[in-house]
Amino acid sequence: MSTGVVATAGEVVAISCGTARMQRLVGTALGQPLANTGTDDLGPPTVEVTVEASRVSFDVRRLRSVTRDAWSDGARTVLRNACGSGFDLQIRVDDEPSCLKVAARYRPTLTVRTANTVLSHRFVLLAGQTLIHYPVLWRAGWRDRVPLHVAALATAAGAPLLVGPGGVGKSTAVARASGAGATVTADNICVGDGSACYGLTEPLRIDGGGRRRVTSHGRTDTILSARVPKLVPDRLVVLQRGPQTRIEAITPDDAARDLVAGTYAAGELRRYWQFAATLALATGLGPAHPPVIEMSAGYSKSLPCSRIQVGDGDRLSVDELCGAA
């Protein structure tokens with residue numbers, strides 16, 4: 001069984017895979033090979049994920065029904081076909097929770113298996129969310145950290161928290177800034193505590209990219225080499241498309257609205273809200289709904305806020321990306 005350790009979203013995750021196929025799947029979700037993720041200085045794991053080779057269903061006979069396809073006794077929870085991925089999850093929480101333990105078995109129905117085969121890029125993304133990203137985001141919620149659809153980076157001109165819906169160009173801007181020497185904690189999803197942002201470890205997905213693996217919306221995966229575990233932003237910058245490039249200051253309320261709307265519109269988080277609510281209902285841990293609105297208001301009120309309307313075909317300089325006119 002292959003193993004590895006990775007730091008993601010402020011958590012330390014120990015991962016074991018029972019088959020080579022699942023090892024490759026997890027490596028794709030992380031944007032780096034599982035065998036190369038281990039380090040000795042991350043500390044004890046706060047999440048343990050085991051992707052088992054077994055196809056036997058988890059026993060639910062002594063568990064109460066929580067909701068459709070979910071059973072729990074508070075300490076052990078079973079989710080069948082979690083997030084529509086074909087994976088069953090068994091999630092264990094100790095009486096004094098410190099480490100979240102997740103066991104996964106791939107047991108798709110014929111319909112789900114067919115969909116996963118035909119739409120292979122969708123399956124890779126969904127498997128990564130179900131096996132790694134969503135359990136980690138839920139564990140981060142125990143620390144009162146909240147998932148946000150943002151990019152966070154640090155440049156010589158500042159440390160912007162980039163806000164905007166999918167497709168607006170955050171990842172492309174991050175890739176260019178990284179190539180110019182910026183450090184990045186995430187180009188897509190962070191968890192925030194009102195001050196620092198902790199990036200979710202996953203590939204950088206951008207338009208183009210030659211022979212790299214094609215993923216959703218025609219984008220391609222590439223490695224984000226300048227990643228750091230966390231950053232503290234010093235400004236909030238909203239990105240949007242427009243006929244010409246223009247930079248303007250905006251109010252905290254306008255910035256918070258864009259941050260909240262962009263987070264709820266994110267396809268990567270679409271299934272997370274039900275996942276988190278089900279586990280909160282089953283275990284009594286974590287918020288039934290993460291306080292996205294309150295966290296967004298906290299960032300927007302504590303940071304200077306600006307909006308960049310990016311003209312079609314224009315490329316932002318690092319100064320412009322930090323909201324400098």
# chains A, B, ... in the order shown; residues from 1 in each chain; ligands from 1
$ closest_atom_pairs --of "segment 30-127 of chain A" --to "segment 142-152 of chain A" --cutoff "12 Å" --atoms "only C-alpha atoms" --output "JSON lines"
{"residue": "A:Thr46", "atom": "CA", "partner": "A:Trp142", "partner_atom": "CA", "distance": 10.9}
{"residue": "A:Val47", "atom": "CA", "partner": "A:Trp142", "partner_atom": "CA", "distance": 12.0}
{"residue": "A:Val93", "atom": "CA", "partner": "A:Trp142", "partner_atom": "CA", "distance": 11.9}
{"residue": "A:Pro97", "atom": "CA", "partner": "A:Trp142", "partner_atom": "CA", "distance": 9.4}
{"residue": "A:Ser98", "atom": "CA", "partner": "A:Trp142", "partner_atom": "CA", "distance": 9.6}
{"residue": "A:Cys99", "atom": "CA", "partner": "A:Trp142", "partner_atom": "CA", "distance": 10.9}
{"residue": "A:Leu100", "atom": "CA", "partner": "A:Trp142", "partner_atom": "CA", "distance": 10.5}
$ write_last_selection --atoms "C-alpha atoms" --output "PDB file, in the first residue's frame"
ATOM      1  CA  THR A  46      -4.990  15.815  11.528  1.00  0.00           C
ATOM      2  CA  VAL A  47      -6.643  13.827   8.715  1.00  0.00           C
ATOM      3  CA  VAL A  93     -14.279  10.787  14.938  1.00  0.00           C
ATOM      4  CA  PRO A  97     -11.453  14.703  18.232  1.00  0.00           C
ATOM      5  CA  SER A  98      -7.955  15.411  17.024  1.00  0.00           C
ATOM      6  CA  CYS A  99      -7.602  13.288  13.894  1.00  0.00           C
ATOM      7  CA  LEU A 100     -10.322  12.708  11.322  1.00  0.00           C
TER       8      LEU A 100
END
$ residues_around --residues "segment 231-238 of chain A" --least-positions-apart "3" --cutoff "6 Å" --atoms "only C-alpha atoms" --output "PyMOL selection string"
chain A and resi 159-164+196-197+303-307
$ write_last_selection --atoms "N, CA and C atoms" --output "PDB file, in the first residue's frame"
ATOM      1  N   ALA A 159       0.292  41.753  -1.202  1.00  0.00           N
ATOM      2  CA  ALA A 159      -0.228  40.393  -1.043  1.00  0.00           C
ATOM      3  C   ALA A 159      -1.739  40.422  -1.248  1.00  0.00           C
ATOM      4  N   PRO A 160      -2.187  40.391  -2.506  1.00  0.00           N
ATOM      5  CA  PRO A 160      -3.624  40.495  -2.760  1.00  0.00           C
ATOM      6  C   PRO A 160      -4.378  39.198  -2.527  1.00  0.00           C
ATOM      7  N   LEU A 161      -5.590  39.344  -2.024  1.00  0.00           N
ATOM      8  CA  LEU A 161      -6.572  38.262  -1.995  1.00  0.00           C
ATOM      9  C   LEU A 161      -7.458  38.482  -3.218  1.00  0.00           C
ATOM     10  N   LEU A 162      -7.301  37.636  -4.232  1.00  0.00           N
ATOM     11  CA  LEU A 162      -8.005  37.831  -5.498  1.00  0.00           C
ATOM     12  C   LEU A 162      -9.366  37.167  -5.445  1.00  0.00           C
ATOM     13  N   VAL A 163     -10.388  37.938  -5.748  1.00  0.00           N
ATOM     14  CA  VAL A 163     -11.787  37.502  -5.648  1.00  0.00           C
ATOM     15  C   VAL A 163     -12.412  37.578  -7.033  1.00  0.00           C
ATOM     16  N   GLY A 164     -13.268  36.616  -7.345  1.00  0.00           N
ATOM     17  CA  GLY A 164     -13.980  36.647  -8.616  1.00  0.00           C
ATOM     18  C   GLY A 164     -14.534  35.277  -8.947  1.00  0.00           C
ATOM     19  N   ALA A 196      -5.180  35.029   8.167  1.00  0.00           N
ATOM     20  CA  ALA A 196      -4.404  34.231   7.218  1.00  0.00           C
ATOM     21  C   ALA A 196      -5.328  33.467   6.268  1.00  0.00           C
ATOM     22  N   CYS A 197      -4.747  33.042   5.146  1.00  0.00           N
ATOM     23  CA  CYS A 197      -5.421  32.166   4.197  1.00  0.00           C
ATOM     24  C   CYS A 197      -4.549  30.930   3.997  1.00  0.00           C
ATOM     25  N   LEU A 303      -9.409  45.069   5.179  1.00  0.00           N
ATOM     26  CA  LEU A 303      -8.441  45.249   4.103  1.00  0.00           C
ATOM     27  C   LEU A 303      -8.907  46.337   3.143  1.00  0.00           C
ATOM     28  N   PRO A 304      -7.985  47.098   2.534  1.00  0.00           N
ATOM     29  CA  PRO A 304      -8.394  48.010   1.462  1.00  0.00           C
ATOM     30  C   PRO A 304      -8.908  47.201   0.274  1.00  0.00           C
ATOM     31  N   CYS A 305      -9.982  47.680  -0.355  1.00  0.00           N
ATOM     32  CA  CYS A 305     -10.665  46.915  -1.402  1.00  0.00           C
ATOM     33  C   CYS A 305     -10.651  47.675  -2.724  1.00  0.00           C
ATOM     34  N   SER A 306     -10.399  46.966  -3.800  1.00  0.00           N
ATOM     35  CA  SER A 306     -10.443  47.567  -5.130  1.00  0.00           C
ATOM     36  C   SER A 306     -11.006  46.556  -6.115  1.00  0.00           C
ATOM     37  N   ARG A 307     -11.421  47.068  -7.272  1.00  0.00           N
ATOM     38  CA  ARG A 307     -11.923  46.210  -8.347  1.00  0.00           C
ATOM     39  C   ARG A 307     -11.102  46.479  -9.610  1.00  0.00           C
TER      40      ARG A 307
END
$ select_by_dssp --residues "segment 79-145 of chain A" --states "strand (DSSP E or B)" --output "number ranges by chain"
A: 79, 87-92, 100-106
$ residues_around --residues "Ala175 of chain A" --least-positions-apart "3" --cutoff "9 Å" --atoms "only C-alpha atoms" --output "VMD selection string"
chain A and resid 170 to 172 178 to 180 187 204 206 224
$ write_last_selection --atoms "N, CA and C atoms" --output "PDB file, in the first residue's frame"
ATOM      1  N   LYS A 170      -8.482  34.352 -12.559  1.00  0.00           N
ATOM      2  CA  LYS A 170      -7.632  34.339 -11.368  1.00  0.00           C
ATOM      3  C   LYS A 170      -6.434  33.412 -11.549  1.00  0.00           C
ATOM      4  N   SER A 171      -6.680  32.193 -12.040  1.00  0.00           N
ATOM      5  CA  SER A 171      -5.600  31.215 -12.181  1.00  0.00           C
ATOM      6  C   SER A 171      -4.557  31.677 -13.194  1.00  0.00           C
ATOM      7  N   THR A 172      -5.014  32.264 -14.290  1.00  0.00           N
ATOM      8  CA  THR A 172      -4.073  32.770 -15.287  1.00  0.00           C
ATOM      9  C   THR A 172      -3.220  33.890 -14.713  1.00  0.00           C
ATOM     10  N   SER A 178       3.326  34.063 -10.576  1.00  0.00           N
ATOM     11  CA  SER A 178       4.254  33.057 -10.075  1.00  0.00           C
ATOM     12  C   SER A 178       5.499  32.985 -10.947  1.00  0.00           C
ATOM     13  N   GLY A 179       5.304  33.075 -12.259  1.00  0.00           N
ATOM     14  CA  GLY A 179       6.442  33.076 -13.170  1.00  0.00           C
ATOM     15  C   GLY A 179       7.333  34.286 -12.997  1.00  0.00           C
ATOM     16  N   ALA A 180       6.771  35.364 -12.430  1.00  0.00           N
ATOM     17  CA  ALA A 180       7.548  36.587 -12.195  1.00  0.00           C
ATOM     18  C   ALA A 180       8.126  36.651 -10.788  1.00  0.00           C
ATOM     19  N   ASP A 187      -4.617  29.099  -5.974  1.00  0.00           N
ATOM     20  CA  ASP A 187      -5.152  29.887  -7.085  1.00  0.00           C
ATOM     21  C   ASP A 187      -6.661  29.744  -7.180  1.00  0.00           C
ATOM     22  N   LEU A 204      -2.661  23.679 -10.602  1.00  0.00           N
ATOM     23  CA  LEU A 204      -3.038  24.947 -11.216  1.00  0.00           C
ATOM     24  C   LEU A 204      -3.703  24.623 -12.550  1.00  0.00           C
ATOM     25  N   ILE A 206      -5.239  26.059 -15.982  1.00  0.00           N
ATOM     26  CA  ILE A 206      -5.238  27.249 -16.823  1.00  0.00           C
ATOM     27  C   ILE A 206      -5.619  26.888 -18.243  1.00  0.00           C
ATOM     28  N   LEU A 224       1.884  23.911  -9.545  1.00  0.00           N
ATOM     29  CA  LEU A 224       2.118  25.233  -8.954  1.00  0.00           C
ATOM     30  C   LEU A 224       3.338  25.125  -8.050  1.00  0.00           C
TER      31      LEU A 224
END
$ residues_around --residues "Pro290 of chain A" --least-positions-apart "2" --cutoff "12 Å" --atoms "only C-alpha atoms" --output "PyMOL selection string"
chain A and resi 137-148+191-193+260+263-264+269+272-277+280+285-288+292-296
$ residues_around --residues "Gly313 of chain A" --least-positions-apart "2" --cutoff "10 Å" --atoms "only C-alpha atoms" --output "list in words"
Pro243, Gln244, Thr245, Val310, Gly311, Arg315 and Leu316 of chain A
$ write_last_selection --atoms "N, CA and C atoms" --output "PDB file, in the first residue's frame"
ATOM      1  N   PRO A 243     -14.746  45.589 -21.205  1.00  0.00           N
ATOM      2  CA  PRO A 243     -14.228  45.996 -22.529  1.00  0.00           C
ATOM      3  C   PRO A 243     -12.835  46.596 -22.467  1.00  0.00           C
ATOM      4  N   GLN A 244     -12.450  47.169 -21.321  1.00  0.00           N
ATOM      5  CA  GLN A 244     -11.114  47.750 -21.184  1.00  0.00           C
ATOM      6  C   GLN A 244     -10.680  47.648 -19.733  1.00  0.00           C
ATOM      7  N   THR A 245      -9.376  47.671 -19.515  1.00  0.00           N
ATOM      8  CA  THR A 245      -8.840  47.533 -18.160  1.00  0.00           C
ATOM      9  C   THR A 245      -9.028  48.832 -17.387  1.00  0.00           C
ATOM     10  N   VAL A 310     -10.808  43.753 -16.179  1.00  0.00           N
ATOM     11  CA  VAL A 310      -9.739  43.335 -17.076  1.00  0.00           C
ATOM     12  C   VAL A 310     -10.256  43.338 -18.510  1.00  0.00           C
ATOM     13  N   GLY A 311      -9.659  44.148 -19.343  1.00  0.00           N
ATOM     14  CA  GLY A 311     -10.052  44.216 -20.740  1.00  0.00           C
ATOM     15  C   GLY A 311      -9.719  42.939 -21.484  1.00  0.00           C
ATOM     16  N   ARG A 315      -3.167  41.866 -20.336  1.00  0.00           N
ATOM     17  CA  ARG A 315      -2.424  41.176 -19.295  1.00  0.00           C
ATOM     18  C   ARG A 315      -2.090  42.168 -18.190  1.00  0.00           C
ATOM     19  N   LEU A 316      -2.358  41.770 -16.960  1.00  0.00           N
ATOM     20  CA  LEU A 316      -2.110  42.654 -15.829  1.00  0.00           C
ATOM     21  C   LEU A 316      -0.666  42.561 -15.382  1.00  0.00           C
TER      22      LEU A 316
END
$ closest_residue --among "A:Leu259, A:Ala226, A:Pro165, A:Ala157" --to "Gly181 of chain A" --atoms "only C-alpha atoms"
A:Ala226
